[in-house]
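So this one's input.pdb, PDB, C-alpha atoms:
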```pdb
ATOM      1  CA  VAL A   1       0.000   0.000   0.000  1.00  0.00           C
ATOM      2  CA  GLN A   2       1.286   3.456  -0.893  1.00  0.00           C
ATOM      3  CA  LEU A   3       0.033   6.651   0.699  1.00  0.00           C
ATOM      4  CA  GLN A   4       0.018  10.180  -0.694  1.00  0.00           C
ATOM      5  CA  ALA A   5      -0.737  13.005   1.695  1.00  0.00           C
ATOM      6  CA  SER A   6      -1.572  16.597   0.910  1.00  0.00           C
ATOM      7  CA  GLY A   7      -3.064  19.723   2.419  1.00  0.00           C
ATOM      8  CA  GLY A   8      -0.566  21.040   4.922  1.00  0.00           C
ATOM      9  CA  GLY A   9       0.410  24.670   5.163  1.00  0.00           C
ATOM     10  CA  LEU A  10       0.672  27.776   7.271  1.00  0.00           C
ATOM     11  CA  VAL A  11      -2.360  29.125   9.085  1.00  0.00           C
ATOM     12  CA  GLN A  12      -3.032  31.559  11.885  1.00  0.00           C
ATOM     13  CA  ALA A  13      -4.259  30.378  15.252  1.00  0.00           C
ATOM     14  CA  GLY A  14      -7.988  29.780  15.142  1.00  0.00           C
ATOM     15  CA  GLY A  15      -7.888  28.899  11.476  1.00  0.00           C
ATOM     16  CA  SER A  16      -8.612  25.659   9.657  1.00  0.00           C
ATOM     17  CA  LEU A  17      -6.833  23.233   7.365  1.00  0.00           C
ATOM     18  CA  ARG A  18      -7.883  20.012   5.697  1.00  0.00           C
ATOM     19  CA  LEU A  19      -5.462  17.181   5.107  1.00  0.00           C
ATOM     20  CA  ALA A  20      -6.075  14.365   2.642  1.00  0.00           C
ATOM     21  CA  CYS A  21      -4.391  11.003   2.265  1.00  0.00           C
ATOM     22  CA  THR A  22      -5.029   8.679  -0.637  1.00  0.00           C
ATOM     23  CA  ALA A  23      -3.999   5.048  -0.646  1.00  0.00           C
ATOM     24  CA  SER A  24      -3.081   3.038  -3.711  1.00  0.00           C
ATOM     25  CA  GLY A  25      -2.079  -0.537  -4.271  1.00  0.00           C
ATOM     26  CA  ASN A  26      -3.841  -3.271  -2.307  1.00  0.00           C
ATOM     27  CA  ILE A  27      -6.486  -1.009  -0.789  1.00  0.00           C
ATOM     28  CA  PHE A  28      -8.795  -3.953  -0.104  1.00  0.00           C
ATOM     29  CA  SER A  29      -6.373  -5.042   2.606  1.00  0.00           C
ATOM     30  CA  ILE A  30      -6.805  -1.809   4.539  1.00  0.00           C
ATOM     31  CA  ASN A  31      -8.186  -2.187   8.063  1.00  0.00           C
ATOM     32  CA  SER A  32      -7.704   1.359   9.258  1.00  0.00           C
ATOM     33  CA  MET A  33      -6.317   4.702   8.169  1.00  0.00           C
ATOM     34  CA  GLY A  34      -5.299   7.641  10.255  1.00  0.00           C
ATOM     35  CA  TRP A  35      -3.040  10.516  11.074  1.00  0.00           C
ATOM     36  CA  TYR A  36      -0.116  10.922  13.403  1.00  0.00           C
ATOM     37  CA  ARG A  37       2.019  13.972  14.036  1.00  0.00           C
ATOM     38  CA  GLN A  38       5.508  14.747  15.190  1.00  0.00           C
ATOM     39  CA  ALA A  39       6.571  18.102  16.543  1.00  0.00           C
ATOM     40  CA  PRO A  40      10.236  19.094  16.813  1.00  0.00           C
ATOM     41  CA  ASP A  41      12.007  17.210  19.596  1.00  0.00           C
ATOM     42  CA  LYS A  42       8.905  15.189  20.381  1.00  0.00           C
ATOM     43  CA  GLN A  43       7.823  11.645  19.680  1.00  0.00           C
ATOM     44  CA  ARG A  44       5.337  10.848  16.972  1.00  0.00           C
ATOM     45  CA  GLU A  45       1.826  10.737  18.414  1.00  0.00           C
ATOM     46  CA  LEU A  46      -1.600   9.598  17.314  1.00  0.00           C
ATOM     47  CA  VAL A  47      -3.995  12.280  16.121  1.00  0.00           C
ATOM     48  CA  ALA A  48      -6.968  10.341  14.789  1.00  0.00           C
ATOM     49  CA  THR A  49      -7.772   7.010  13.189  1.00  0.00           C
ATOM     50  CA  MET A  50     -10.709   5.479  11.394  1.00  0.00           C
ATOM     51  CA  THR A  51     -11.369   1.793  10.779  1.00  0.00           C
ATOM     52  CA  SER A  52     -12.824   0.432   7.566  1.00  0.00           C
ATOM     53  CA  GLY A  53     -16.057   0.045   9.495  1.00  0.00           C
ATOM     54  CA  GLY A  54     -16.123   3.739  10.341  1.00  0.00           C
ATOM     55  CA  THR A  55     -15.076   3.616  13.977  1.00  0.00           C
ATOM     56  CA  THR A  56     -13.054   6.690  14.886  1.00  0.00           C
ATOM     57  CA  ASN A  57     -10.540   7.424  17.604  1.00  0.00           C
ATOM     58  CA  TYR A  58      -9.077  10.793  18.565  1.00  0.00           C
ATOM     59  CA  ALA A  59      -6.304  12.043  20.763  1.00  0.00           C
ATOM     60  CA  ASP A  60      -7.664  14.022  23.688  1.00  0.00           C
ATOM     61  CA  ALA A  61      -5.771  17.094  22.508  1.00  0.00           C
ATOM     62  CA  VAL A  62      -7.779  17.309  19.280  1.00  0.00           C
ATOM     63  CA  LYS A  63     -11.223  16.090  20.322  1.00  0.00           C
ATOM     64  CA  GLY A  64     -13.906  18.580  19.361  1.00  0.00           C
ATOM     65  CA  ARG A  65     -11.589  20.396  16.948  1.00  0.00           C
ATOM     66  CA  PHE A  66     -10.461  17.766  14.437  1.00  0.00           C
ATOM     67  CA  THR A  67     -12.653  15.419  12.417  1.00  0.00           C
ATOM     68  CA  ILE A  68     -11.474  12.380  10.506  1.00  0.00           C
ATOM     69  CA  SER A  69     -13.564  11.095   7.633  1.00  0.00           C
ATOM     70  CA  GLY A  70     -13.260   8.877   4.595  1.00  0.00           C
ATOM     71  CA  ASN A  71     -14.642   8.564   1.110  1.00  0.00           C
ATOM     72  CA  ASN A  72     -16.986   5.861  -0.190  1.00  0.00           C
ATOM     73  CA  ALA A  73     -14.177   4.067  -1.979  1.00  0.00           C
ATOM     74  CA  LYS A  74     -12.391   3.755   1.373  1.00  0.00           C
ATOM     75  CA  ASP A  75      -9.105   4.729  -0.221  1.00  0.00           C
ATOM     76  CA  THR A  76      -8.927   8.297   1.044  1.00  0.00           C
ATOM     77  CA  VAL A  77      -9.027   9.703   4.535  1.00  0.00           C
ATOM     78  CA  TYR A  78      -9.418  13.350   5.427  1.00  0.00           C
ATOM     79  CA  LEU A  79      -8.531  15.289   8.537  1.00  0.00           C
ATOM     80  CA  GLN A  80     -10.502  18.484   8.995  1.00  0.00           C
ATOM     81  CA  MET A  81      -8.657  20.627  11.519  1.00  0.00           C
ATOM     82  CA  ASN A  82     -10.521  23.564  13.032  1.00  0.00           C
ATOM     83  CA  SER A  83      -9.640  26.001  15.789  1.00  0.00           C
ATOM     84  CA  LEU A  84      -5.979  25.318  15.225  1.00  0.00           C
ATOM     85  CA  LYS A  85      -3.521  26.180  17.955  1.00  0.00           C
ATOM     86  CA  PRO A  86       0.225  26.837  17.797  1.00  0.00           C
ATOM     87  CA  GLU A  87       0.750  23.557  19.637  1.00  0.00           C
ATOM     88  CA  ASP A  88      -0.777  21.736  16.655  1.00  0.00           C
ATOM     89  CA  THR A  89       2.309  22.672  14.669  1.00  0.00           C
ATOM     90  CA  ALA A  90       3.967  19.468  13.510  1.00  0.00           C
ATOM     91  CA  VAL A  91       4.668  17.237  10.576  1.00  0.00           C
ATOM     92  CA  TYR A  92       1.534  15.193  10.013  1.00  0.00           C
ATOM     93  CA  TYR A  93       1.888  11.635   8.735  1.00  0.00           C
ATOM     94  CA  CYS A  94      -0.741   9.459   7.151  1.00  0.00           C
ATOM     95  CA  ASN A  95      -0.791   5.854   8.275  1.00  0.00           C
ATOM     96  CA  THR A  96      -2.646   2.718   7.314  1.00  0.00           C
ATOM     97  CA  VAL A  97      -2.756  -0.719   8.892  1.00  0.00           C
ATOM     98  CA  ASP A  98      -3.879  -3.730   6.921  1.00  0.00           C
ATOM     99  CA  PHE A  99      -5.661  -6.830   8.146  1.00  0.00           C
ATOM    100  CA  GLY A 100      -2.287  -8.506   8.525  1.00  0.00           C
ATOM    101  CA  LEU A 101      -1.316  -5.733  10.974  1.00  0.00           C
ATOM    102  CA  ASN A 102       1.281  -4.349   8.572  1.00  0.00           C
ATOM    103  CA  SER A 103       1.717  -0.603   8.980  1.00  0.00           C
ATOM    104  CA  TYR A 104       2.428   1.780   6.128  1.00  0.00           C
ATOM    105  CA  TRP A 105       3.394   5.441   6.284  1.00  0.00           C
ATOM    106  CA  GLY A 106       3.010   8.260   3.848  1.00  0.00           C
ATOM    107  CA  GLN A 107       5.344  11.188   3.483  1.00  0.00           C
ATOM    108  CA  GLY A 108       4.770  13.879   6.046  1.00  0.00           C
ATOM    109  CA  THR A 109       3.048  17.159   5.429  1.00  0.00           C
ATOM    110  CA  GLN A 110       3.977  20.221   7.451  1.00  0.00           C
ATOM    111  CA  VAL A 111       1.305  22.063   9.407  1.00  0.00           C
ATOM    112  CA  THR A 112       2.394  25.351  10.959  1.00  0.00           C
ATOM    113  CA  VAL A 113       0.078  27.402  13.144  1.00  0.00           C
ATOM    114  CA  SER A 114       1.221  30.917  13.924  1.00  0.00           C
ATOM    115  CA  SER A 115       0.128  32.748  17.057  1.00  0.00           C
TER     116      SER A 115
END
```

Spit out the file's structure as structure tokens when you get a sec.
Amino acid sequence: VQLQASGGGLVQAGGSLRLACTASGNIFSINSMGWYRQAPDKQRELVATMTSGGTTNYADAVKGRFTISGNNAKDTVYLQMNSLKPEDTAVYYCNTVDFGLNSYWGQGTQVTVSS
């Protein structure tokens, strides 16, 4: 499975951005897709995930502000980020896990929130 992410950028605090990640290859093996982020000098952390059945999971830090969703083809996942804060600044990585529990990563996309 290959992942292509897009949608990062620079935004002021309180603003919004939408990230997209499209999978290609053996998409029928996908069990879940999601987003992680890594800020400078910090470990990579979960942001939000969605299973193929539509179950979602969010980090406490983004609940109520971020929404993960997918398309009908189940090959694309979106992350709508509202009310962005400077502490959301990070490189955001798309991730997918297949039914064999293999994990795949896309290239990161930079999100910068200015105060």

- [ ] May I ask for the distance between atom CA of A:Gly14 and atom CA of A:Asp41, given in Å to one decimal place?
- [x] 24.0 Å

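Across the model, the gap from atom CA of A:Thr49 to atom CA of A:Val111 is 18.0 Å.
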
TODO: Check the smallest atom-to-atom distance from each of A:Gln110, A:Ser115, A:Gln2, A:Asn57 to A:Glu87 using all atoms listed in the file, then report the winner.
DONE: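 Between A:Gln110, A:Ser115, A:Gln2, A:Asn57, the residue approaching A:Glu87 most closely is A:Ser115.
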
Open item on the list: So that I can see what lies close to stretch 20-28 of chain A, please list as an MDAnalysis selection string the residues with an atom at most 9 Å from it, counting only C-alpha atoms and leaving out residues fewer than 6 positions away in the same chain.
Closed with: chainID A and resid 1:8 34:35 74:80 94:96 98 106

A:Leu10 surroundings by all atoms listed in the file, 10 Å radius, close-in-sequence under 2 positions cut, as an mmCIF file with C-alpha atoms, keeping the file's coordinate frame:
```
data_model
loop_
_atom_site.group_PDB
_atom_site.id
_atom_site.type_symbol
_atom_site.label_atom_id
_atom_site.label_comp_id
_atom_site.auth_asym_id
_atom_site.auth_seq_id
_atom_site.Cartn_x
_atom_site.Cartn_y
_atom_site.Cartn_z
ATOM 1 C CA GLY A 8 -0.566 21.040 4.922
ATOM 2 C CA GLN A 12 -3.032 31.559 11.885
ATOM 3 C CA ALA A 13 -4.259 30.378 15.252
ATOM 4 C CA GLY A 15 -7.888 28.899 11.476
ATOM 5 C CA SER A 16 -8.612 25.659 9.657
ATOM 6 C CA LEU A 17 -6.833 23.233 7.365
ATOM 7 C CA THR A 89 2.309 22.672 14.669
ATOM 8 C CA GLN A 110 3.977 20.221 7.451
ATOM 9 C CA VAL A 111 1.305 22.063 9.407
ATOM 10 C CA THR A 112 2.394 25.351 10.959
ATOM 11 C CA VAL A 113 0.078 27.402 13.144
ATOM 12 C CA SER A 114 1.221 30.917 13.924
#
```

Task: Nearest-residue call for A:Pro40, choices A:Ala90, A:Ala59, A:Ala73, A:Val11, using only C-alpha atoms - done: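 Ranking A:Ala90, A:Ala59, A:Ala73, A:Val11 by distance to A:Pro40, first place goes to A:Ala90.
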
Task: Selection result for the PyMOL selection byres ((chain A and resi 32) around 6) on this file, as a list in words - done: Ile30, Asn31, Met33, Met50, Thr51, Ser52, Thr96 and Val97 of chain A

Could the residues in this selection be saved with C-alpha atoms as a PDB file, in the coordinates of the input?
```
ATOM      1  CA  ILE A  30      -6.805  -1.809   4.539  1.00  0.00           C
ATOM      2  CA  ASN A  31      -8.186  -2.187   8.063  1.00  0.00           C
ATOM      3  CA  MET A  33      -6.317   4.702   8.169  1.00  0.00           C
ATOM      4  CA  MET A  50     -10.709   5.479  11.394  1.00  0.00           C
ATOM      5  CA  THR A  51     -11.369   1.793  10.779  1.00  0.00           C
ATOM      6  CA  SER A  52     -12.824   0.432   7.566  1.00  0.00           C
ATOM      7  CA  THR A  96      -2.646   2.718   7.314  1.00  0.00           C
ATOM      8  CA  VAL A  97      -2.756  -0.719   8.892  1.00  0.00           C
TER       9      VAL A  97
END
```

Task: Residues selected by the PyMOL selection byres ((chain A and resi 92) around 6), written as a VMD selection string - done: chain A and resid 36 to 37 91 93 108 to 109

- [ ] May I ask which of the residues A:Lys42, A:Gly9, A:Asn72, A:Gln107 is the closest one to A:Gly54, counting only C-alpha atoms?
- [x] A:Asn72

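What the PyMOL selection byres ((chain A and resi 58) around 8) grabs from this file is Leu46, Val47, Ala48, Thr49, Thr56, Asn57, Ala59, Asp60, Val62 and Lys63 of chain A.
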
Write out N, CA and C atoms for stretch 62-91 of chain A, as an mmCIF file, keeping the file's coordinate frame.
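Full text of out02.cif as output:
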```
data_model
loop_
_atom_site.group_PDB
_atom_site.id
_atom_site.type_symbol
_atom_site.label_atom_id
_atom_site.label_comp_id
_atom_site.auth_asym_id
_atom_site.auth_seq_id
_atom_site.Cartn_x
_atom_site.Cartn_y
_atom_site.Cartn_z
ATOM 1 N N VAL A 62 -7.115 16.817 20.499
ATOM 2 C CA VAL A 62 -7.779 17.309 19.280
ATOM 3 C C VAL A 62 -9.277 17.063 19.274
ATOM 4 N N LYS A 63 -9.786 16.379 20.282
ATOM 5 C CA LYS A 63 -11.223 16.090 20.322
ATOM 6 C C LYS A 63 -12.021 17.387 20.306
ATOM 7 N N GLY A 64 -13.061 17.399 19.478
ATOM 8 C CA GLY A 64 -13.906 18.580 19.361
ATOM 9 C C GLY A 64 -13.390 19.610 18.371
ATOM 10 N N ARG A 65 -12.149 19.448 17.910
ATOM 11 C CA ARG A 65 -11.589 20.396 16.948
ATOM 12 C C ARG A 65 -11.265 19.730 15.618
ATOM 13 N N PHE A 66 -10.832 18.496 15.650
ATOM 14 C CA PHE A 66 -10.461 17.766 14.437
ATOM 15 C C PHE A 66 -11.517 16.701 14.138
ATOM 16 N N THR A 67 -11.728 16.466 12.843
ATOM 17 C CA THR A 67 -12.653 15.419 12.417
ATOM 18 C C THR A 67 -12.001 14.597 11.324
ATOM 19 N N ILE A 68 -11.991 13.292 11.521
ATOM 20 C CA ILE A 68 -11.474 12.380 10.506
ATOM 21 C C ILE A 68 -12.648 11.786 9.752
ATOM 22 N N SER A 69 -12.493 11.660 8.447
ATOM 23 C CA SER A 69 -13.564 11.095 7.633
ATOM 24 C C SER A 69 -12.939 10.392 6.442
ATOM 25 N N GLY A 70 -13.763 9.601 5.758
ATOM 26 C CA GLY A 70 -13.260 8.877 4.595
ATOM 27 C C GLY A 70 -14.225 8.961 3.443
ATOM 28 N N ASN A 71 -13.760 8.558 2.269
ATOM 29 C CA ASN A 71 -14.642 8.564 1.110
ATOM 30 C C ASN A 71 -15.293 7.195 0.926
ATOM 31 N N ASN A 72 -16.238 7.108 0.005
ATOM 32 C CA ASN A 72 -16.986 5.861 -0.190
ATOM 33 C C ASN A 72 -16.098 4.728 -0.701
ATOM 34 N N ALA A 73 -15.077 5.089 -1.445
ATOM 35 C CA ALA A 73 -14.177 4.067 -1.979
ATOM 36 C C ALA A 73 -13.241 3.515 -0.924
ATOM 37 N N LYS A 74 -13.229 4.171 0.238
ATOM 38 C CA LYS A 74 -12.391 3.755 1.373
ATOM 39 C C LYS A 74 -10.915 3.724 1.008
ATOM 40 N N ASP A 75 -10.524 4.640 0.097
ATOM 41 C CA ASP A 75 -9.105 4.729 -0.221
ATOM 42 C C ASP A 75 -8.532 6.096 0.140
ATOM 43 N N THR A 76 -9.370 6.962 0.674
ATOM 44 C CA THR A 76 -8.927 8.297 1.044
ATOM 45 C C THR A 76 -9.459 8.644 2.429
ATOM 46 N N VAL A 77 -8.605 9.247 3.226
ATOM 47 C CA VAL A 77 -9.027 9.703 4.535
ATOM 48 C C VAL A 77 -8.686 11.180 4.639
ATOM 49 N N TYR A 78 -9.586 11.922 5.266
ATOM 50 C CA TYR A 78 -9.418 13.350 5.427
ATOM 51 C C TYR A 78 -9.275 13.692 6.916
ATOM 52 N N LEU A 79 -8.599 14.767 7.183
ATOM 53 C CA LEU A 79 -8.531 15.289 8.537
ATOM 54 C C LEU A 79 -8.878 16.779 8.475
ATOM 55 N N GLN A 80 -10.080 17.096 8.929
ATOM 56 C CA GLN A 80 -10.502 18.484 8.995
ATOM 57 C C GLN A 80 -10.043 19.035 10.342
ATOM 58 N N MET A 81 -9.219 20.054 10.296
ATOM 59 C CA MET A 81 -8.657 20.627 11.519
ATOM 60 C C MET A 81 -9.174 22.048 11.691
ATOM 61 N N ASN A 82 -9.956 22.246 12.721
ATOM 62 C CA ASN A 82 -10.521 23.564 13.032
ATOM 63 C C ASN A 82 -9.946 24.089 14.339
ATOM 64 N N SER A 83 -10.108 25.363 14.555
ATOM 65 C CA SER A 83 -9.640 26.001 15.789
ATOM 66 C C SER A 83 -8.194 25.622 16.082
ATOM 67 N N LEU A 84 -7.368 25.736 15.085
ATOM 68 C CA LEU A 84 -5.979 25.318 15.225
ATOM 69 C C LEU A 84 -5.233 26.176 16.226
ATOM 70 N N LYS A 85 -4.325 25.532 16.935
ATOM 71 C CA LYS A 85 -3.521 26.180 17.955
ATOM 72 C C LYS A 85 -2.038 26.057 17.587
ATOM 73 N N PRO A 86 -1.216 26.955 18.089
ATOM 74 C CA PRO A 86 0.225 26.837 17.797
ATOM 75 C C PRO A 86 0.796 25.470 18.185
ATOM 76 N N GLU A 87 0.250 24.866 19.215
ATOM 77 C CA GLU A 87 0.750 23.557 19.637
ATOM 78 C C GLU A 87 0.352 22.433 18.686
ATOM 79 N N ASP A 88 -0.465 22.719 17.695
ATOM 80 C CA ASP A 88 -0.777 21.736 16.655
ATOM 81 C C ASP A 88 0.311 21.705 15.583
ATOM 82 N N THR A 89 1.232 22.628 15.646
ATOM 83 C CA THR A 89 2.309 22.672 14.669
ATOM 84 C C THR A 89 3.133 21.400 14.721
ATOM 85 N N ALA A 90 3.256 20.744 13.576
ATOM 86 C CA ALA A 90 3.967 19.468 13.510
ATOM 87 C C ALA A 90 4.000 19.002 12.068
ATOM 88 N N VAL A 91 4.769 17.968 11.833
ATOM 89 C CA VAL A 91 4.668 17.237 10.576
ATOM 90 C C VAL A 91 3.610 16.155 10.778
#
```
